[in-house]
Amino acid sequence: MSKILKEALIYALIFITIPTVINLIFTPEEVAGLFDYGFWVGTGLFLTAFFIVFVLVFLVLLLKRTFRKTPEKRL
């Protein structure tokens, strides 16, 4: 279970970090626009997005490992 949590954390970080960095490079106004209502609102948006992605990735990995076919079932 801890292996799934670690992998989900890594994948979620990758899925959130790469698009954010790309947006910072090409359109920094969009990322800065998230903080128009304050630092905590912008930070909350990033943390909420990270949490949602983390939960989705965790569920996908958990279901994938739970329902993995055994060699006997593949025939």
# chains A, B, ... in the order shown; residues from 1 in each chain; ligands from 1

call {"tool": "residues_around", "arguments": {"residues": "range 52-64 of chain A", "least_positions_apart": "3", "cutoff": "7 Å", "atoms": "only C-alpha atoms", "output": "list in words"}}
result
Ile4, Leu5, Ala8, Leu9, Ala12, Thr48, Ala49, Phe67 and Arg68 of chain A

call {"tool": "residues_around", "arguments": {"residues": "Glu30 in chain A", "least_positions_apart": "6", "cutoff": "10 Å", "atoms": "only C-alpha atoms", "output": "list in words"}}
result
Thr20, Asn23 and Leu24 of chain A

call {"tool": "select_by_dssp", "arguments": {"residues": "chain A", "states": "helix (DSSP H, G or I)", "output": "PyMOL selection string"}}
result
chain A and resi 2-26+28-33+39-66+71-74

call {"tool": "atom_distance", "arguments": {"atom1": "CA of Glu7 in chain A", "atom2": "CA of Ile25 in chain A"}}
result
27.0 Å
